[in-house]
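**Student:** Input file: entry36.txt. Contents: compact mmCIF, C-alpha atoms.
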```txt
# COMPACT_ATOMS: atom_id res chain seq x y z
CA MET Y 1491 0.00 0.00 0.00
CA ASP Y 1492 1.28 3.45 -0.89
CA SER Y 1493 2.03 5.35 2.32
CA ARG Y 1494 1.42 8.80 0.83
CA GLU Y 1495 -1.97 7.69 -0.48
CA PHE Y 1496 -2.88 6.28 2.95
CA LEU Y 1497 -1.81 9.46 4.73
CA ASN Y 1498 -3.80 11.60 2.30
CA LEU Y 1499 -6.86 9.43 2.87
CA LEU Y 1500 -6.67 9.98 6.64
CA VAL Y 1501 -5.94 13.71 6.31
CA GLU Y 1502 -9.04 14.08 4.20
CA ALA Y 1503 -11.25 11.82 6.35
CA LEU Y 1504 -10.24 13.51 9.61
CA GLU Y 1505 -9.80 16.97 8.12
CA VAL Y 1506 -6.43 17.15 9.85
CA GLU Y 1507 -5.44 20.79 10.30
CA ASP Y 1508 -1.71 20.18 10.70
CA ALA Y 1509 -1.33 18.01 7.61
CA VAL Y 1510 2.36 18.97 7.21
CA ASN Y 1511 3.36 17.17 10.40
CA PHE Y 1512 1.02 14.24 9.84
CA SER Y 1513 3.04 11.08 9.21
CA LEU Y 1514 3.15 7.36 9.82
CA VAL Y 1515 4.58 7.89 13.31
CA THR Y 1516 1.79 10.25 14.35
CA GLU Y 1517 -0.03 8.97 17.43
CA LEU Y 1518 -3.74 8.82 16.61
CA ARG Y 1519 -4.77 9.86 20.12
CA ASP Y 1520 -2.64 12.99 19.89
CA LEU Y 1521 -4.87 14.32 17.12
CA ASN Y 1522 -7.64 16.72 18.11
CA GLU Y 1523 -9.64 15.39 15.17
CA TYR Y 1524 -9.53 11.78 16.46
CA ASP Y 1525 -12.83 11.75 18.37
CA SER Y 1526 -15.92 9.56 17.95
CA LEU Y 1527 -16.81 11.27 14.66
CA GLY Y 1528 -13.21 10.91 13.54
CA VAL Y 1529 -13.30 7.18 14.22
CA ILE Y 1530 -16.42 6.81 12.10
CA SER Y 1531 -14.84 8.88 9.31
CA ILE Y 1532 -11.71 6.70 9.29
CA ILE Y 1533 -13.68 3.43 9.25
CA THR Y 1534 -15.83 4.67 6.39
CA ALA Y 1535 -12.94 6.06 4.35
CA ILE Y 1536 -10.94 2.83 4.68
CA ASP Y 1537 -13.98 0.74 3.82
CA GLN Y 1538 -14.64 2.79 0.68
CA LYS Y 1539 -11.03 2.87 -0.46
CA TYR Y 1540 -9.81 -0.62 0.44
CA SER Y 1541 -13.06 -2.61 1.01
CA VAL Y 1542 -11.87 -3.39 4.54
CA THR Y 1543 -14.47 -2.92 7.27
CA LEU Y 1544 -12.76 -2.24 10.59
CA THR Y 1545 -14.60 -2.12 13.90
CA GLY Y 1546 -14.20 0.66 16.43
CA GLU Y 1547 -12.51 -1.85 18.75
CA GLN Y 1548 -9.90 -2.80 16.15
CA LEU Y 1549 -9.22 0.85 15.46
CA ALA Y 1550 -8.88 1.56 19.18
CA ARG Y 1551 -6.02 -0.95 19.37
CA CYS Y 1552 -4.03 1.02 16.79
CA THR Y 1553 -1.66 3.49 18.37
CA THR Y 1554 0.05 5.14 15.41
CA VAL Y 1555 -0.96 5.83 11.82
CA ASN Y 1556 1.51 3.13 10.80
CA SER Y 1557 -0.11 0.51 13.04
CA LEU Y 1558 -3.44 1.34 11.41
CA LYS Y 1559 -1.87 1.01 7.96
CA GLN Y 1560 -0.44 -2.39 8.92
CA LEU Y 1561 -3.83 -3.57 10.17
CA VAL Y 1562 -5.49 -2.58 6.89
CA GLU Y 1563 -2.73 -4.28 4.91
CA ALA Y 1564 -3.11 -7.46 6.97
CA LYS Y 1565 -6.84 -7.50 6.34
CA MET Y 1566 -6.27 -6.93 2.64
CA GLY Y 1567 -3.85 -9.85 2.63
CA THR Y 1568 -1.07 -7.79 1.13
CA MET W 1139 -36.54 -14.73 9.49
CA GLU W 1140 -37.47 -14.48 5.85
CA CYS W 1141 -41.05 -14.24 4.64
CA SER W 1142 -42.87 -13.21 1.50
CA PHE W 1143 -46.34 -12.11 0.51
CA SER W 1144 -48.35 -11.72 -2.67
CA ILE W 1145 -51.41 -9.57 -2.06
CA PRO W 1146 -50.81 -6.91 0.64
CA THR W 1147 -49.83 -3.41 -0.38
CA ILE W 1148 -49.37 -0.02 1.24
CA GLN W 1149 -52.46 2.02 0.43
CA ALA W 1150 -51.84 5.27 2.30
CA ILE W 1151 -49.30 7.04 4.51
CA SER W 1152 -50.00 10.09 6.68
CA ALA W 1153 -47.08 11.66 8.54
CA VAL W 1154 -47.13 14.48 11.08
CA VAL W 1155 -44.42 16.47 12.85
CA PRO W 1156 -44.60 18.97 15.72
CA GLU W 1157 -44.59 22.56 14.49
CA ARG W 1158 -41.76 23.56 16.87
CA ARG W 1159 -38.51 23.68 14.91
CA VAL W 1160 -35.24 23.22 16.82
CA LEU W 1161 -32.08 24.23 14.96
CA SER W 1162 -28.89 22.26 15.59
CA SER W 1163 -27.07 25.59 15.90
CA GLU W 1164 -29.08 26.19 19.09
CA TYR W 1165 -26.63 23.74 20.71
CA ASP W 1166 -23.60 25.96 20.08
CA SER W 1167 -23.75 27.10 23.70
CA VAL W 1168 -23.68 23.47 24.91
CA PHE W 1169 -20.91 21.96 22.78
CA GLY W 1170 -19.28 24.95 21.04
CA ALA W 1171 -20.01 26.11 17.50
CA LYS W 1172 -17.06 24.28 15.97
CA GLN W 1173 -18.10 20.90 17.39
CA VAL W 1174 -21.76 21.44 16.48
CA ASN W 1175 -20.77 22.29 12.90
CA LYS W 1176 -18.67 19.15 12.74
CA ILE W 1177 -21.59 17.05 13.96
CA ILE W 1178 -23.99 18.72 11.52
CA LYS W 1179 -21.58 18.01 8.67
CA SER W 1180 -21.28 14.33 9.61
CA VAL W 1181 -24.73 13.44 10.86
CA GLY W 1182 -26.51 15.79 8.47
CA ILE W 1183 -29.15 17.14 10.85
CA GLU W 1184 -29.74 20.88 10.48
CA GLU W 1185 -33.03 21.03 12.33
CA ARG W 1186 -35.58 18.81 14.02
CA ARG W 1187 -39.11 18.97 15.37
CA PHE W 1188 -39.87 18.71 19.09
CA VAL W 1189 -43.21 18.49 20.83
CA ASP W 1190 -44.09 21.01 23.53
CA CYS W 1191 -46.74 19.15 25.51
CA ASN W 1192 -47.94 16.42 23.15
CA ASN W 1193 -46.94 12.80 23.67
CA SER W 1194 -46.66 9.93 21.22
CA TYR W 1195 -50.33 9.07 21.75
CA ASP W 1196 -51.38 12.60 20.71
CA LEU W 1197 -49.18 12.54 17.61
CA ALA W 1198 -50.52 9.10 16.69
CA ILE W 1199 -54.10 10.40 16.69
CA GLU W 1200 -53.15 13.30 14.43
CA ALA W 1201 -51.28 11.04 12.02
CA ALA W 1202 -54.10 8.50 11.77
CA ARG W 1203 -56.97 10.97 11.68
CA ARG W 1204 -56.54 11.86 8.03
CA ILE W 1205 -56.89 8.18 7.13
CA THR W 1206 -59.74 7.36 9.49
CA GLU W 1207 -61.69 10.47 8.47
CA ASP W 1208 -61.59 9.35 4.87
CA ASP W 1209 -64.65 7.14 4.52
CA GLU W 1210 -63.11 5.24 1.65
CA LEU W 1211 -59.88 4.49 3.52
CA LYS W 1212 -61.49 3.93 6.93
CA ARG W 1213 -63.66 1.07 5.73
CA GLU W 1214 -62.52 -2.43 6.49
CA ILE W 1215 -59.82 -1.64 9.07
CA ASP W 1216 -59.74 -4.83 11.17
CA VAL W 1217 -56.43 -4.38 13.00
CA LEU W 1218 -54.70 -1.38 14.55
CA ILE W 1219 -51.02 -1.64 15.54
CA PHE W 1220 -49.24 1.06 17.54
CA VAL W 1221 -45.43 1.04 17.50
CA SER W 1222 -43.46 3.20 19.92
CA GLN W 1223 -40.66 3.17 22.46
CA THR W 1224 -41.90 6.40 23.98
CA ALA W 1225 -45.47 5.35 24.77
CA PRO W 1226 -46.88 7.63 27.48
CA ARG W 1227 -48.08 4.70 29.55
CA ALA W 1228 -47.48 1.02 30.16
CA VAL W 1229 -51.08 0.05 31.00
CA PRO W 1230 -53.29 -0.16 29.06
CA ASN W 1231 -51.94 -0.50 25.56
CA VAL W 1232 -52.10 2.83 23.73
CA SER W 1233 -53.74 1.22 20.70
CA SER W 1234 -56.90 0.45 22.70
CA GLY W 1235 -57.38 4.17 23.32
CA LEU W 1236 -56.61 4.90 19.69
CA GLN W 1237 -59.50 2.64 18.62
CA HIS W 1238 -61.88 4.83 20.59
CA ARG W 1239 -60.31 8.19 19.74
CA LEU W 1240 -60.28 7.38 16.04
CA ASN W 1241 -63.92 6.19 16.10
CA LEU W 1242 -63.06 2.73 14.85
CA PRO W 1243 -65.52 -0.10 15.48
CA THR W 1244 -65.04 -2.34 18.52
CA ALA W 1245 -64.52 -5.27 16.15
CA VAL W 1246 -61.03 -3.91 15.53
CA ALA W 1247 -58.16 -5.86 17.14
CA THR W 1248 -55.52 -3.60 18.66
CA PHE W 1249 -52.07 -4.13 20.08
CA ASP W 1250 -48.85 -2.25 20.78
CA LEU W 1251 -45.39 -3.29 19.65
CA ASN W 1252 -42.28 -2.14 21.46
CA LEU W 1253 -39.81 -1.75 18.61
CA GLY W 1254 -37.12 0.82 17.88
CA CYS W 1255 -35.55 1.93 14.64
CA ALA W 1256 -36.28 -1.41 12.93
CA GLY W 1257 -39.93 -1.02 13.88
CA TYR W 1258 -41.25 -0.10 10.45
CA PRO W 1259 -40.28 -3.19 8.45
CA TYR W 1260 -40.98 -5.39 11.49
CA ALA W 1261 -44.50 -4.05 12.07
CA LEU W 1262 -45.18 -3.87 8.35
CA SER W 1263 -44.48 -7.60 8.12
CA VAL W 1264 -47.06 -8.23 10.86
CA ALA W 1265 -49.62 -6.11 9.00
CA TYR W 1266 -48.84 -7.88 5.73
CA SER W 1267 -49.30 -11.28 7.45
CA PHE W 1268 -52.82 -10.36 8.60
CA VAL W 1269 -53.79 -9.20 5.11
CA GLN W 1270 -52.13 -12.10 3.32
CA CYS W 1271 -53.96 -14.64 5.54
CA LYS W 1272 -57.20 -12.71 4.98
CA GLN W 1273 -57.64 -12.39 8.73
CA ALA W 1274 -57.80 -8.64 8.17
CA ARG W 1275 -59.05 -6.70 5.21
CA ARG W 1276 -57.03 -3.67 6.19
CA VAL W 1277 -54.49 -2.92 8.93
CA LEU W 1278 -53.76 0.54 10.30
CA LEU W 1279 -50.15 0.76 11.49
CA ILE W 1280 -49.18 3.81 13.54
CA ASN W 1281 -45.55 4.58 14.39
CA SER W 1282 -45.11 7.44 16.84
CA GLU W 1283 -42.16 8.72 18.86
CA THR W 1284 -41.45 11.67 21.14
CA LEU W 1285 -37.77 10.96 21.67
CA SER W 1286 -37.05 14.58 22.66
CA ARG W 1287 -38.69 13.73 25.98
CA ILE W 1288 -36.08 11.10 26.84
CA THR W 1289 -33.03 12.82 25.35
CA SER W 1290 -30.50 14.71 27.45
CA ARG W 1291 -29.57 18.11 26.02
CA SER W 1292 -25.97 17.66 27.19
CA ASP W 1293 -25.32 14.13 25.88
CA GLN W 1294 -23.38 14.65 22.67
CA SER W 1295 -24.11 11.16 21.33
CA THR W 1296 -27.87 11.72 21.34
CA SER W 1297 -28.79 15.38 21.85
CA LEU W 1298 -28.28 16.45 18.24
CA LEU W 1299 -29.87 13.31 16.84
CA PHE W 1300 -33.29 12.30 18.05
CA ALA W 1301 -36.61 14.00 17.27
CA ASP W 1302 -40.38 13.62 17.32
CA ALA W 1303 -42.88 12.57 14.65
CA ALA W 1304 -45.64 10.09 13.86
CA ALA W 1305 -46.87 8.29 10.77
CA ALA W 1306 -49.92 6.18 10.02
CA THR W 1307 -49.75 3.56 7.28
CA LEU W 1308 -52.76 1.79 5.83
CA ILE W 1309 -52.11 -1.72 4.53
CA GLY W 1310 -54.65 -3.58 2.43
CA THR W 1311 -55.04 -5.16 -0.95
CA ASP W 1312 -56.20 -3.78 -4.28
CA GLY W 1313 -57.07 -7.13 -5.78
CA SER W 1314 -53.88 -7.46 -7.77
CA GLU W 1315 -50.82 -9.53 -6.88
CA SER W 1316 -47.37 -8.11 -6.23
CA ARG W 1317 -44.61 -10.01 -4.50
CA SER W 1318 -43.04 -8.49 -1.41
CA SER W 1319 -40.43 -10.03 0.86
CA PHE W 1320 -39.17 -9.29 4.35
CA SER W 1321 -35.90 -10.11 6.05
CA LEU W 1322 -35.89 -9.66 9.83
CA HIS W 1323 -32.99 -10.18 12.24
CA THR W 1324 -31.91 -9.81 15.87
CA ASP W 1325 -28.57 -9.78 17.68
CA GLY W 1326 -29.34 -9.30 21.35
CA SER W 1327 -25.64 -9.11 22.24
CA GLY W 1328 -26.13 -5.41 21.46
CA GLU W 1329 -29.02 -4.94 23.88
CA MET W 1330 -27.10 -2.40 25.98
CA ALA W 1331 -25.93 -0.24 23.04
CA ILE W 1332 -29.12 1.82 22.92
CA LEU W 1333 -30.87 1.90 26.26
CA ALA W 1334 -33.53 3.76 28.22
CA SER W 1335 -35.41 2.61 31.30
CA ASN W 1336 -39.12 3.10 31.82
CA LEU W 1337 -39.34 1.66 35.31
CA PRO W 1338 -41.07 4.08 37.67
CA ASP W 1339 -38.51 3.73 40.46
CA ASP W 1340 -35.46 4.31 38.29
CA ALA W 1341 -33.57 7.58 38.50
CA MET W 1342 -34.43 10.20 35.90
CA ASP W 1343 -30.98 9.85 34.38
CA ASP W 1344 -31.64 6.15 33.65
CA LYS W 1345 -34.80 7.09 31.81
CA LEU W 1346 -32.86 9.21 29.34
CA ILE W 1347 -31.75 7.40 26.23
CA LYS W 1348 -28.09 6.39 26.08
CA MET W 1349 -26.32 5.27 22.95
CA ASP W 1350 -22.94 3.74 22.25
CA GLY W 1351 -22.61 5.33 18.81
CA GLY W 1352 -19.46 3.41 17.89
CA ALA W 1353 -21.04 0.05 18.68
CA VAL W 1354 -24.14 0.96 16.68
CA PHE W 1355 -22.01 2.10 13.75
CA ASP W 1356 -20.05 -1.17 13.79
CA PHE W 1357 -23.28 -3.18 13.95
CA VAL W 1358 -24.87 -1.35 11.02
CA LEU W 1359 -21.82 -1.74 8.77
CA ARG W 1360 -21.43 -5.39 9.77
CA GLU W 1361 -25.03 -6.48 9.28
CA VAL W 1362 -27.22 -4.17 7.23
CA PRO W 1363 -25.55 -4.03 3.78
CA SER W 1364 -24.94 -7.80 3.69
CA SER W 1365 -28.48 -8.49 4.86
CA ILE W 1366 -29.95 -6.32 2.07
CA ASN W 1367 -27.58 -7.81 -0.52
CA LYS W 1368 -28.60 -11.35 0.48
CA GLN W 1369 -32.28 -10.44 0.27
CA LEU W 1370 -31.80 -9.00 -3.23
CA GLU W 1371 -29.93 -12.12 -4.27
CA ARG W 1372 -32.72 -14.38 -2.97
CA GLU W 1373 -35.24 -12.36 -4.95
CA GLY W 1374 -33.13 -12.54 -8.10
CA LEU W 1375 -32.59 -8.78 -8.13
CA ASP W 1376 -29.49 -6.64 -8.15
CA SER W 1377 -29.19 -3.07 -7.00
CA GLU W 1378 -29.89 -1.82 -10.51
CA GLY W 1379 -33.34 -3.35 -10.21
CA LEU W 1380 -34.10 -1.06 -7.27
CA ASP W 1381 -35.77 2.27 -7.97
CA LEU W 1382 -35.54 3.68 -4.45
CA VAL W 1383 -34.04 2.80 -1.07
CA PHE W 1384 -35.66 4.20 2.05
CA LEU W 1385 -33.31 3.68 4.98
CA HIS W 1386 -34.01 4.50 8.61
CA GLN W 1387 -32.73 8.07 8.97
CA ALA W 1388 -29.99 7.37 11.49
CA ASN W 1389 -27.11 9.49 10.28
CA GLU W 1390 -26.52 10.92 6.79
CA PHE W 1391 -22.92 9.84 6.65
CA LEU W 1392 -23.82 6.27 7.62
CA LEU W 1393 -26.74 6.09 5.18
CA LYS W 1394 -24.60 7.16 2.25
CA HIS W 1395 -22.03 4.56 3.18
CA VAL W 1396 -24.65 1.79 3.44
CA ALA W 1397 -25.98 2.85 0.02
CA THR W 1398 -22.48 2.65 -1.43
CA LYS W 1399 -22.00 -0.83 0.03
CA ILE W 1400 -25.20 -2.09 -1.59
CA LYS W 1401 -24.15 -0.35 -4.82
CA VAL W 1402 -27.07 2.07 -4.88
CA PRO W 1403 -26.36 5.59 -6.15
CA HIS W 1404 -27.21 8.35 -3.72
CA SER W 1405 -29.78 9.63 -6.23
CA LYS W 1406 -31.92 6.61 -5.28
CA LEU W 1407 -31.58 7.31 -1.56
CA PRO W 1408 -34.20 9.88 -0.48
CA MET W 1409 -33.41 11.47 2.87
CA SER W 1410 -35.32 13.57 5.36
CA ILE W 1411 -32.79 13.57 8.20
CA GLN W 1412 -31.65 17.11 7.40
CA LYS W 1413 -35.04 18.54 8.35
CA PHE W 1414 -36.50 15.99 10.73
CA GLY W 1415 -33.59 14.19 12.44
CA ASN W 1416 -33.72 10.60 13.66
CA THR W 1417 -37.31 9.74 14.55
CA SER W 1418 -36.72 6.00 15.11
CA SER W 1419 -39.36 3.80 13.47
CA VAL W 1420 -41.22 6.83 12.08
CA SER W 1421 -38.31 7.87 9.90
CA ILE W 1422 -39.04 5.56 6.95
CA PRO W 1423 -42.70 6.57 6.38
CA LEU W 1424 -41.72 10.18 7.13
CA THR W 1425 -39.02 10.02 4.45
CA ILE W 1426 -41.46 8.46 1.99
CA SER W 1427 -43.87 11.35 2.68
CA SER W 1428 -41.08 13.89 2.34
CA TYR W 1429 -39.96 12.33 -0.94
CA VAL W 1430 -43.47 12.54 -2.41
CA SER W 1431 -43.97 16.06 -1.02
CA CYS W 1432 -40.85 17.08 -2.98
CA GLY W 1433 -42.38 15.78 -6.22
CA GLY W 1434 -41.13 12.19 -6.16
CA SER W 1435 -43.29 9.36 -7.45
CA LEU W 1436 -43.78 5.92 -5.89
CA SER W 1437 -46.00 4.53 -8.60
CA ASN W 1438 -44.80 1.07 -9.66
CA ARG W 1439 -41.45 1.67 -7.98
CA THR W 1440 -39.53 -1.27 -6.55
CA CYS W 1441 -38.11 -0.23 -3.19
CA ILE W 1442 -36.14 -1.42 -0.20
CA LEU W 1443 -37.36 -0.14 3.17
CA ALA W 1444 -34.72 -0.93 5.80
CA GLY W 1445 -34.66 -0.18 9.52
CA PHE W 1446 -31.94 -0.94 12.08
CA GLY W 1447 -31.16 0.01 15.64
CA SER W 1448 -31.88 -0.81 19.27
CA GLY W 1449 -31.81 -4.47 20.17
CA PHE W 1450 -29.86 -4.81 17.95
CA SER W 1451 -32.62 -5.54 15.51
CA TRP W 1452 -32.73 -4.91 11.81
CA GLY W 1453 -35.04 -5.67 8.96
CA SER W 1454 -35.77 -4.84 5.37
CA ALA W 1455 -38.81 -5.00 3.14
CA LEU W 1456 -38.53 -5.37 -0.62
CA LEU W 1457 -41.77 -4.23 -2.14
CA ARG W 1458 -43.33 -2.61 -5.15
CA PHE W 1459 -45.63 0.33 -4.55
CA SER W 1460 -48.81 0.47 -6.62
CA ASN W 1461 -50.25 3.94 -6.24
CA PRO W 1462 -50.59 4.74 -2.53
CA LYS W 1463 -52.18 7.92 -1.23
CA ILE W 1464 -49.38 9.88 0.45
CA TYR W 1465 -50.59 12.88 2.44
CA PRO W 1466 -48.48 16.02 2.72
CA ILE W 1467 -46.55 16.17 6.00
CA LYS W 1468 -48.71 18.03 8.50
CA GLU W 1469 -47.43 20.27 11.30
CA ILE W 1470 -49.08 19.82 14.69
CA ALA W 1471 -49.22 22.47 17.42
CA GLY W 1472 -48.33 21.49 20.96
```
So that I can check it, write out the structure of this file as structure tokens.
**Tutor:**
Amino acid sequence: MDSREFLNLLVEALEVEDAVNFSLVTELRDLNEYDSLGVISIITAIDQKYSVTLTGEQLARCTTVNSLKQLVEAKMGT
Amino acid sequence: MECSFSIPTIQAISAVVPERRVLSSEYDSVFGAKQVNKIIKSVGIEERRFVDCNNSYDLAIEAARRITEDDELKREIDVLIFVSQTAPRAVPNVSSGLQHRLNLPTAVATFDLNLGCAGYPYALSVAYSFVQCKQARRVLLINSETLSRITSRSDQSTSLLFADAAAATLIGTDGSESRSSFSLHTDGSGEMAILASNLPDDAMDDKLIKMDGGAVFDFVLREVPSSINKQLEREGLDSEGLDLVFLHQANEFLLKHVATKIKVPHSKLPMSIQKFGNTSSVSIPLTISSYVSCGGSLSNRTCILAGFGSGFSWGSALLRFSNPKIYPIKEIAG
């Protein structure tokens, strides 16, 4: 999976204000935009883009953007 | 449970809303304008209708009156079903009072069903069963909710969501045959996800509705699209064969995503959530009324009507409208 494409997807879904400093090592919980609506936006965006339906619980176990990316990749079997 | 019918059809729908309009922006002082705007953008609700003093019984009378005052439509009603989770009383059943208040004959059988957001397809299937078995010539189904009365103004997961409305649906047969099918499901492991107590001794806070929005979102994505897709497959239809999809108006963002997952373009997904919010089991007939009020046609349209929510319970009806009488949405004072 292309990292830049994945980052852009999350920036758009969460409407991240500080997109310049948003990277794979960003901690999801450090983002102001990562609230209950943000969780729903991420799940939906990933489902639409990669046909992977995550649950809120699975997402909650992801700490960084990279751990989320790895979860999606594992579910895609790539 | 899967079931199908050949002769029942929806003959009329009459929806009412309270005249009091509550703008979502009125909650800026509670959650902050930025957060409210974010919620409006996601959930889609710009305004809702709240009762002042009316309860779900009052709204039910107003919704049904236009049908029961029409001599042509009133004839042959043998069953009256009242669906609500905000009934103003536990004893007796509200539907018994409705029989009297609507001047229906005492030969009418009445009962209440306690069902949430899946209540429209569920109760419709009961009405269709009576008509199909010829135990009833016509069934009057009334869905009515005053959720504003059990919603906390400061609970962000519910306060900008729920609203009040009622709708009466007349089910009968016009002598022709048209296949309809229903798919009804339950997963009680989610019983705590949407919860409100109505026990008299419970604290007021327990009587206010609580919702685990994340759990509900997961449930809807997990179950509803696949359930609808399987139903279409059983009926030998694909999404292109659908003219319209009326989903329970839970959340605009969620509805669009469900539509995408069943491969239905958003142009076939009428919505009323922007103006009326989430009115539980009333939202499907209210959206049908809103769609027709805006110039849409139901005539000979093949539709999915799908509800999902508390329980968890979910259900969908695949049916073809003939030419039902859809009344304009009426505003009710009080």
**Student:** Report, in Å to a single decimal, how far apart atom CA of Phe1220 of chain W and atom CA of Asn1281 of chain W are.
**Tutor:**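 Between atom CA of Asn1281 of chain W and atom CA of Phe1220 of chain W the gap is 6.0 Å.
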**Student:** Dump as a ChimeraX atom specification the residues of chain W that approach chain Y to within 8 Å, counting all atoms listed in the file.
**Tutor:** /W:1177,1180,1351-1353,1355-1356,1359-1360,1395
**Student:** Work out how far apart atom CA of Asp1381 of chain W and atom CA of Lys1413 of chain W are and give it in Å to one decimal.
**Tutor:** 23.1 Å
**Student:** Show me the residues around (-33.5, 3.2, -13.5) - criterion: an atom at most 12 Å away, all atoms listed in the file counted - as a list in words.
**Tutor:**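 Residues with an atom close enough to that point: Asp1376, Ser1377, Glu1378, Gly1379, Leu1380, Asp1381, Leu1382, Val1402, Pro1403, Ser1405, Lys1406, Arg1439, Thr1440 and Cys1441 of chain W.
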**Student:** For Leu1499 of chain Y, find every residue with an atom within 9 Å (counting all atoms listed in the file), except residues of its own chain fewer than 2 positions away, and show them as a count of residues only.
**Tutor:** 12
**Student:** Select, from Y:Glu1505, Y:Val1515, Y:Asp1525, Y:Met1491, the residue with the minimum atom-to-atom distance to Ala1550 of chain Y, counting all atoms listed in the file.
**Tutor:**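 Ranking Y:Glu1505, Y:Val1515, Y:Asp1525, Y:Met1491 by distance to Ala1550 of chain Y, first place goes to Y:Asp1525.
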**Student:** Can you pull out the residues contacting Gly1415 of chain W? Cut-off 10 Å, using only C-alpha atoms, and skip same-chain residues under 2 positions away; I want them as an MDAnalysis selection string.
**Tutor:** chainID W and resid 1162 1181:1187 1298:1303 1387:1390 1409:1413 1417:1418 1421
**Student:** Could you name the residues that touch Ala1261 of chain W at 10 Å or less, counting all atoms listed in the file, but leaving out those on the same chain fewer than 3 positions away, as a VMD selection string?
**Tutor:** chain W and resid 1219 to 1221 1250 to 1253 1256 to 1258 1264 to 1267 1279 to 1281 1419
**Student:** Take the selection from the previous step and output its residues with C-alpha atoms, as a compact mmCIF listing (two decimals), in the coordinates of the input.
**Tutor:**
```
# COMPACT_ATOMS: atom_id res chain seq x y z
CA ILE W 1219 -51.02 -1.64 15.54
CA PHE W 1220 -49.24 1.06 17.54
CA VAL W 1221 -45.43 1.04 17.50
CA ASP W 1250 -48.85 -2.25 20.78
CA LEU W 1251 -45.39 -3.29 19.65
CA ASN W 1252 -42.28 -2.14 21.46
CA LEU W 1253 -39.81 -1.75 18.61
CA ALA W 1256 -36.28 -1.41 12.93
CA GLY W 1257 -39.93 -1.02 13.88
CA TYR W 1258 -41.25 -0.10 10.45
CA VAL W 1264 -47.06 -8.23 10.86
CA ALA W 1265 -49.62 -6.11 9.00
CA TYR W 1266 -48.84 -7.88 5.73
CA SER W 1267 -49.30 -11.28 7.45
CA LEU W 1279 -50.15 0.76 11.49
CA ILE W 1280 -49.18 3.81 13.54
CA ASN W 1281 -45.55 4.58 14.39
CA SER W 1419 -39.36 3.80 13.47
```
**Student:** Kindly give the distance, in Å, that separates atom CA of Ala1228 of chain W and atom CA of Ala1341 of chain W, rounded to a single decimal.
**Tutor:**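 Pair atom CA of Ala1228 of chain W / atom CA of Ala1341 of chain W returns 17.5 Å.
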**Student:** May I ask which of the residues W:Val1174, W:Val1358, W:Leu1456, W:Leu1407 is the closest one to Glu1371 of chain W, counting only C-alpha atoms?
**Tutor:** W:Leu1456
**Student:** At a cut-off of 10 Å, using only C-alpha atoms, what residues contact Arg1275 of chain W? Leave out same-chain residues fewer than 5 positions from it and give the result as a list in words.
**Tutor:**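 Using only C-alpha atoms, the neighbours found are Pro1146, Arg1213, Glu1214, Ile1215, Asp1216, Val1217, Phe1268, Val1269, Gln1270, Ile1309, Gly1310 and Thr1311 of chain W.
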**Student:** Would you pick out the contacts of Val1168 of chain W at 12 Å or less, using only C-alpha atoms, so that residues sharing its chain but fewer than 2 positions from it are not included, and give the list as a count of residues only?
**Tutor:** 17
